[in-house]
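Heads up, the thing below is written out as structure tokens.
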Amino acid sequence: MRKTGPIGKHLKFLLKLFLSLAAIALAAVLLVNSYVVWSGGKYILAAEDLPVADAILVLGAYVHPDGQTSSMLTDRLTVGYELYEQGKAPKILVSGDHGQKDYDEVNVMKNFLKKKGVPAEDIFMDHAGFSTYESVYRARDIFQVKKVIIVTQDYHLKRAVFTARALSLEAYGMPSDHHDYGQAMTIYKLREIAARNKDFLWAGILKPEPTFLGDVIPITGDGGATDD
């Protein structure tokens, strides 16, 4: 029987070390994921149990090239509108991507709500909500929101509420899962594990400033101040 030489022993040691480190890393990722889900999930309530807040924060999602809202975004806006009608907050903050002239989530979101009958002055637009973390950070620092109800799909909502609370907002969540969003949900849920780990680091530890800050626009004022 051939004996393993020094090089072979060295390679075996490195392989075992790599597998051990990979197992530890995977365990850490899954542990953080579970913590974020548990921590944020505690504050996801039925509509009748939600307290009155400063604002309803509706997080952005894809808008089609013809300006139509995607099914995900339609559901988020519909739930946000329903909560507004129930008196859960006097203002709605729509936060999404308007980083390019030819792609604008927030004006589409505001127009959707206006067509529902929400007065324009009660709708604030955050044009630089490029991520969940940035949307929540800017809600706190730009719009001076202290107590917020966040609306998005359930797979995303737990992270959003966790992030808001890690940034010292009194945040609650309302899911908006009114449709079957198809096979894409499998990809979204897998990506969400990485996103939860990132926001655990960002919101819980590092707290970097978002891409853009700017002048304070209090949520207690007129949403027209955010028109472009």
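Identifiers in this document derive from the order of the structure tokens: chains are assigned A, B, ..., residues are numbered from 1 separately in each chain, and ligands are numbered from 1 in order of occurrence.
Of the residues in region 4-163 of chain A, those that DSSP places in strand (DSSP E) on the basis of the backbone are Ala55, Ile56, Leu57, Val58, Leu59, Ile92, Leu93, Val94, Ser95, Ile123, Phe124, Met125, Asp126, Lys147, Val148, Ile149, Ile150, Val151 and Thr152 of chain A.
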Suppose we keep N, CA and C atoms; can you now write the selection as a compact mmCIF listing (two decimals), in the first residue's frame?
# COMPACT_ATOMS: atom_id res chain seq x y z
N ALA A 55 -46.22 57.46 9.21
CA ALA A 55 -46.31 57.25 7.77
C ALA A 55 -46.40 55.77 7.44
N ILE A 56 -46.97 55.50 6.29
CA ILE A 56 -46.95 54.17 5.68
C ILE A 56 -45.86 54.21 4.62
N LEU A 57 -44.85 53.36 4.77
CA LEU A 57 -43.75 53.31 3.82
C LEU A 57 -43.99 52.16 2.85
N VAL A 58 -44.24 52.51 1.58
CA VAL A 58 -44.44 51.51 0.53
C VAL A 58 -43.13 51.40 -0.26
N LEU A 59 -42.52 50.24 -0.21
CA LEU A 59 -41.24 50.04 -0.88
C LEU A 59 -41.45 49.75 -2.36
N ILE A 92 -48.39 58.83 3.24
CA ILE A 92 -47.79 57.67 2.59
C ILE A 92 -46.46 58.10 1.98
N LEU A 93 -45.41 57.35 2.28
CA LEU A 93 -44.09 57.60 1.71
C LEU A 93 -43.79 56.47 0.72
N VAL A 94 -43.69 56.82 -0.57
CA VAL A 94 -43.34 55.82 -1.58
C VAL A 94 -41.85 55.98 -1.87
N SER A 95 -41.13 54.88 -1.75
CA SER A 95 -39.68 54.94 -1.88
C SER A 95 -39.21 53.93 -2.91
N ILE A 123 -48.89 62.36 -0.11
CA ILE A 123 -48.00 61.37 -0.72
C ILE A 123 -46.61 61.98 -0.89
N PHE A 124 -45.65 61.41 -0.21
CA PHE A 124 -44.25 61.85 -0.30
C PHE A 124 -43.48 60.85 -1.16
N MET A 125 -42.59 61.36 -2.00
CA MET A 125 -41.77 60.51 -2.86
C MET A 125 -40.31 60.56 -2.42
N ASP A 126 -39.74 59.38 -2.21
CA ASP A 126 -38.30 59.27 -1.99
C ASP A 126 -37.69 58.76 -3.29
N LYS A 147 -42.13 56.66 13.58
CA LYS A 147 -42.98 55.48 13.72
C LYS A 147 -43.57 55.16 12.36
N VAL A 148 -43.34 53.93 11.87
CA VAL A 148 -43.66 53.64 10.48
C VAL A 148 -44.29 52.26 10.33
N ILE A 149 -45.18 52.15 9.36
CA ILE A 149 -45.72 50.87 8.93
C ILE A 149 -45.14 50.59 7.54
N ILE A 150 -44.43 49.50 7.40
CA ILE A 150 -43.78 49.17 6.13
C ILE A 150 -44.63 48.15 5.39
N VAL A 151 -44.81 48.40 4.08
CA VAL A 151 -45.60 47.50 3.25
C VAL A 151 -44.75 46.92 2.13
N THR A 152 -44.69 45.61 2.06
CA THR A 152 -44.03 44.89 0.98
C THR A 152 -44.44 43.42 1.10
Can you list, as a PyMOL selection string, every protein, DNA or RNA residue that comes within 12 Å of Asp228 (chain A) when you count only C-alpha atoms, leaving out same-chain residues fewer than 5 positions away?
chain A and resi 98+101+104+106-107+110+124-127+223
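Distances from A:Gly204, A:Gly99, A:Pro90, A:Pro175 to Ile219 (chain A) were compared using only C-alpha atoms, and the smallest one belongs to A:Pro90.
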Practice item. Check region 20-82 of chain A with DSSP on the backbone and list each residue it calls helix (DSSP H, G or I), as a PyMOL selection string. Key: chain A and resi 20-41+47-49+71-82
Written selection (N, CA and C atoms) as a short mmCIF file (atom, residue, chain, number, x, y, z; two decimals), in the first residue's frame:
data_model
loop_
_atom_site.label_atom_id
_atom_site.label_comp_id
_atom_site.auth_asym_id
_atom_site.auth_seq_id
_atom_site.Cartn_x
_atom_site.Cartn_y
_atom_site.Cartn_z
N SER A 20 -14.16 22.78 6.64
CA SER A 20 -14.55 23.22 7.98
C SER A 20 -14.93 24.69 7.99
N LEU A 21 -14.11 25.51 7.32
CA LEU A 21 -14.40 26.95 7.25
C LEU A 21 -15.68 27.21 6.47
N ALA A 22 -15.89 26.44 5.39
CA ALA A 22 -17.11 26.60 4.60
C ALA A 22 -18.33 26.24 5.43
N ALA A 23 -18.23 25.19 6.22
CA ALA A 23 -19.35 24.78 7.07
C ALA A 23 -19.65 25.83 8.13
N ILE A 24 -18.60 26.42 8.71
CA ILE A 24 -18.79 27.48 9.70
C ILE A 24 -19.43 28.71 9.07
N ALA A 25 -18.95 29.07 7.87
CA ALA A 25 -19.50 30.23 7.17
C ALA A 25 -20.98 30.02 6.84
N LEU A 26 -21.31 28.83 6.34
CA LEU A 26 -22.70 28.53 6.01
C LEU A 26 -23.59 28.58 7.25
N ALA A 27 -23.10 28.03 8.34
CA ALA A 27 -23.85 28.05 9.59
C ALA A 27 -24.09 29.49 10.06
N ALA A 28 -23.07 30.33 9.91
CA ALA A 28 -23.19 31.73 10.31
C ALA A 28 -24.22 32.46 9.45
N VAL A 29 -24.19 32.21 8.15
CA VAL A 29 -25.14 32.83 7.23
C VAL A 29 -26.57 32.43 7.59
N LEU A 30 -26.78 31.15 7.84
CA LEU A 30 -28.12 30.66 8.17
C LEU A 30 -28.58 31.14 9.54
N LEU A 31 -27.63 31.28 10.47
CA LEU A 31 -27.98 31.80 11.80
C LEU A 31 -28.42 33.25 11.71
N VAL A 32 -27.67 34.07 10.97
CA VAL A 32 -28.05 35.47 10.80
C VAL A 32 -29.40 35.57 10.09
N ASN A 33 -29.58 34.76 9.05
CA ASN A 33 -30.85 34.76 8.33
C ASN A 33 -32.02 34.47 9.28
N SER A 34 -31.86 33.46 10.12
CA SER A 34 -32.92 33.09 11.06
C SER A 34 -33.17 34.20 12.08
N TYR A 35 -32.11 34.85 12.51
CA TYR A 35 -32.26 35.94 13.49
C TYR A 35 -33.04 37.11 12.89
N VAL A 36 -32.71 37.49 11.67
CA VAL A 36 -33.40 38.60 11.02
C VAL A 36 -34.88 38.27 10.82
N VAL A 37 -35.17 37.04 10.38
CA VAL A 37 -36.55 36.61 10.19
C VAL A 37 -37.32 36.66 11.51
N TRP A 38 -36.71 36.14 12.57
CA TRP A 38 -37.36 36.14 13.89
C TRP A 38 -37.54 37.55 14.43
N SER A 39 -36.49 38.36 14.31
CA SER A 39 -36.51 39.70 14.88
C SER A 39 -37.53 40.59 14.18
N GLY A 40 -37.53 40.57 12.85
CA GLY A 40 -38.49 41.39 12.12
C GLY A 40 -39.89 40.84 12.17
N GLY A 41 -40.01 39.52 12.19
CA GLY A 41 -41.33 38.89 12.16
C GLY A 41 -42.19 39.19 13.37
N ALA A 47 -53.85 43.96 10.13
CA ALA A 47 -54.16 45.38 9.94
C ALA A 47 -54.84 45.99 11.17
N GLU A 48 -55.77 45.23 11.77
CA GLU A 48 -56.51 45.79 12.90
C GLU A 48 -55.63 45.96 14.14
N ASP A 49 -54.49 45.29 14.17
CA ASP A 49 -53.60 45.38 15.33
C ASP A 49 -52.49 46.40 15.16
N SER A 71 -47.14 43.32 -10.78
CA SER A 71 -48.12 42.77 -9.83
C SER A 71 -47.66 42.95 -8.38
N MET A 72 -46.35 42.81 -8.15
CA MET A 72 -45.83 43.02 -6.80
C MET A 72 -46.07 44.45 -6.34
N LEU A 73 -45.76 45.40 -7.20
CA LEU A 73 -45.89 46.80 -6.83
C LEU A 73 -47.37 47.18 -6.69
N THR A 74 -48.20 46.66 -7.56
CA THR A 74 -49.64 46.92 -7.46
C THR A 74 -50.17 46.48 -6.10
N ASP A 75 -49.75 45.30 -5.67
CA ASP A 75 -50.21 44.79 -4.38
C ASP A 75 -49.70 45.63 -3.22
N ARG A 76 -48.47 46.07 -3.29
CA ARG A 76 -47.92 46.91 -2.23
C ARG A 76 -48.69 48.22 -2.13
N LEU A 77 -48.94 48.83 -3.27
CA LEU A 77 -49.65 50.11 -3.28
C LEU A 77 -51.09 49.96 -2.82
N THR A 78 -51.72 48.88 -3.21
CA THR A 78 -53.11 48.64 -2.81
C THR A 78 -53.22 48.49 -1.30
N VAL A 79 -52.31 47.73 -0.71
CA VAL A 79 -52.32 47.56 0.75
C VAL A 79 -52.00 48.88 1.44
N GLY A 80 -51.02 49.61 0.91
CA GLY A 80 -50.70 50.91 1.48
C GLY A 80 -51.90 51.85 1.47
N TYR A 81 -52.61 51.85 0.36
CA TYR A 81 -53.82 52.68 0.24
C TYR A 81 -54.88 52.24 1.26
N GLU A 82 -55.08 50.95 1.40
CA GLU A 82 -56.08 50.45 2.34
C GLU A 82 -55.76 50.85 3.77
#
request  = Mind checking which residues fall within 10 Å of Gly67 (chain A), counting only C-alpha atoms, ignoring those fewer than 5 positions away in the same chain, and posting them as a count of residues only?
outcome  = 7
### Pick from A:Asn111, A:Val118, A:Thr220, A:Arg159, whichever lies nearest to Leu201 (chain A) using only C-alpha atoms
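Residue with the minimum atom-to-atom distance to Leu201 (chain A): A:Arg159.
Neighbouring residues of Phe212 (chain A) at 9 Å or closer, counting only C-alpha atoms and skipping chain neighbours under 5 positions away, are Ala128, Glu134 and Arg138 of chain A.
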Could you check the closest approach to Leu157 (chain A) for each of A:Ser70, A:Ser176, A:Ser131, A:Thr226 and tell me which residue wins, using only C-alpha atoms?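 Nearest candidate to Leu157 (chain A) out of A:Ser70, A:Ser176, A:Ser131, A:Thr226: A:Ser176.
Here CA of Ala184 (chain A) and CA of Gly129 (chain A) stand 22.3 Å from one another.
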Residue neighbourhood region 189-193 of chain A, 8 Å, only C-alpha atoms, exclusion window fewer than 2 positions, as a compact mmCIF listing (two decimals) with N, CA and C atoms, in the first residue's frame:
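Once written, part_1.txt looks like this:
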# COMPACT_ATOMS: atom_id res chain seq x y z
N VAL A 29 -24.19 32.21 8.15
CA VAL A 29 -25.14 32.83 7.23
C VAL A 29 -26.57 32.43 7.59
N LEU A 30 -26.78 31.15 7.84
CA LEU A 30 -28.12 30.66 8.17
C LEU A 30 -28.58 31.14 9.54
N ASN A 33 -29.58 34.76 9.05
CA ASN A 33 -30.85 34.76 8.33
C ASN A 33 -32.02 34.47 9.28
N TYR A 155 -41.84 37.82 2.09
CA TYR A 155 -40.45 37.35 2.03
C TYR A 155 -39.45 38.48 2.28
N HIS A 156 -39.85 39.69 1.96
CA HIS A 156 -39.01 40.88 2.04
C HIS A 156 -39.28 41.67 3.33
N MET A 185 -40.26 33.77 -7.55
CA MET A 185 -40.20 33.84 -6.10
C MET A 185 -39.10 32.96 -5.52
N THR A 186 -38.82 31.85 -6.19
CA THR A 186 -37.74 30.97 -5.71
C THR A 186 -36.41 31.71 -5.72
N ILE A 187 -36.16 32.45 -6.79
CA ILE A 187 -34.92 33.24 -6.89
C ILE A 187 -34.93 34.35 -5.86
N ALA A 195 -29.35 39.02 1.23
CA ALA A 195 -29.74 40.39 1.56
C ALA A 195 -29.93 40.57 3.06
N ARG A 196 -30.48 39.55 3.72
CA ARG A 196 -30.65 39.64 5.17
C ARG A 196 -29.31 39.72 5.88
N ASN A 197 -28.34 38.96 5.40
CA ASN A 197 -27.01 39.02 5.99
C ASN A 197 -26.37 40.38 5.75
- request: May I ask for the distance between CA of Leu17 (chain A) and CA of Ile205 (chain A), given in Å to one decimal place?
  value: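 CA of Ile205 (chain A) lies 28.3 Å from CA of Leu17 (chain A).
Nearest to Gln153 (chain A) of all the residues A:Tyr188, A:Phe130, A:Tyr137, A:Phe18 is A:Tyr188, based on only C-alpha atoms.
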Skip Ile217 (chain A) itself and residues of its chain fewer than 3 positions away, then list as a PDB file with C-alpha atoms, in the first residue's frame all residues within 8 Å of it, counting only C-alpha atoms.
ATOM      1  CA  ILE A 142     -34.746  63.023   5.352  1.00  0.00           C
ATOM      2  CA  PHE A 143     -38.437  62.619   6.156  1.00  0.00           C
ATOM      3  CA  GLN A 144     -38.053  62.582   9.955  1.00  0.00           C
ATOM      4  CA  GLY A 221     -45.597  68.777   5.755  1.00  0.00           C
ATOM      5  CA  ALA A 225     -42.248  69.288  -1.691  1.00  0.00           C
ATOM      6  CA  THR A 226     -40.980  66.006  -3.189  1.00  0.00           C
TER       7      THR A 226
END
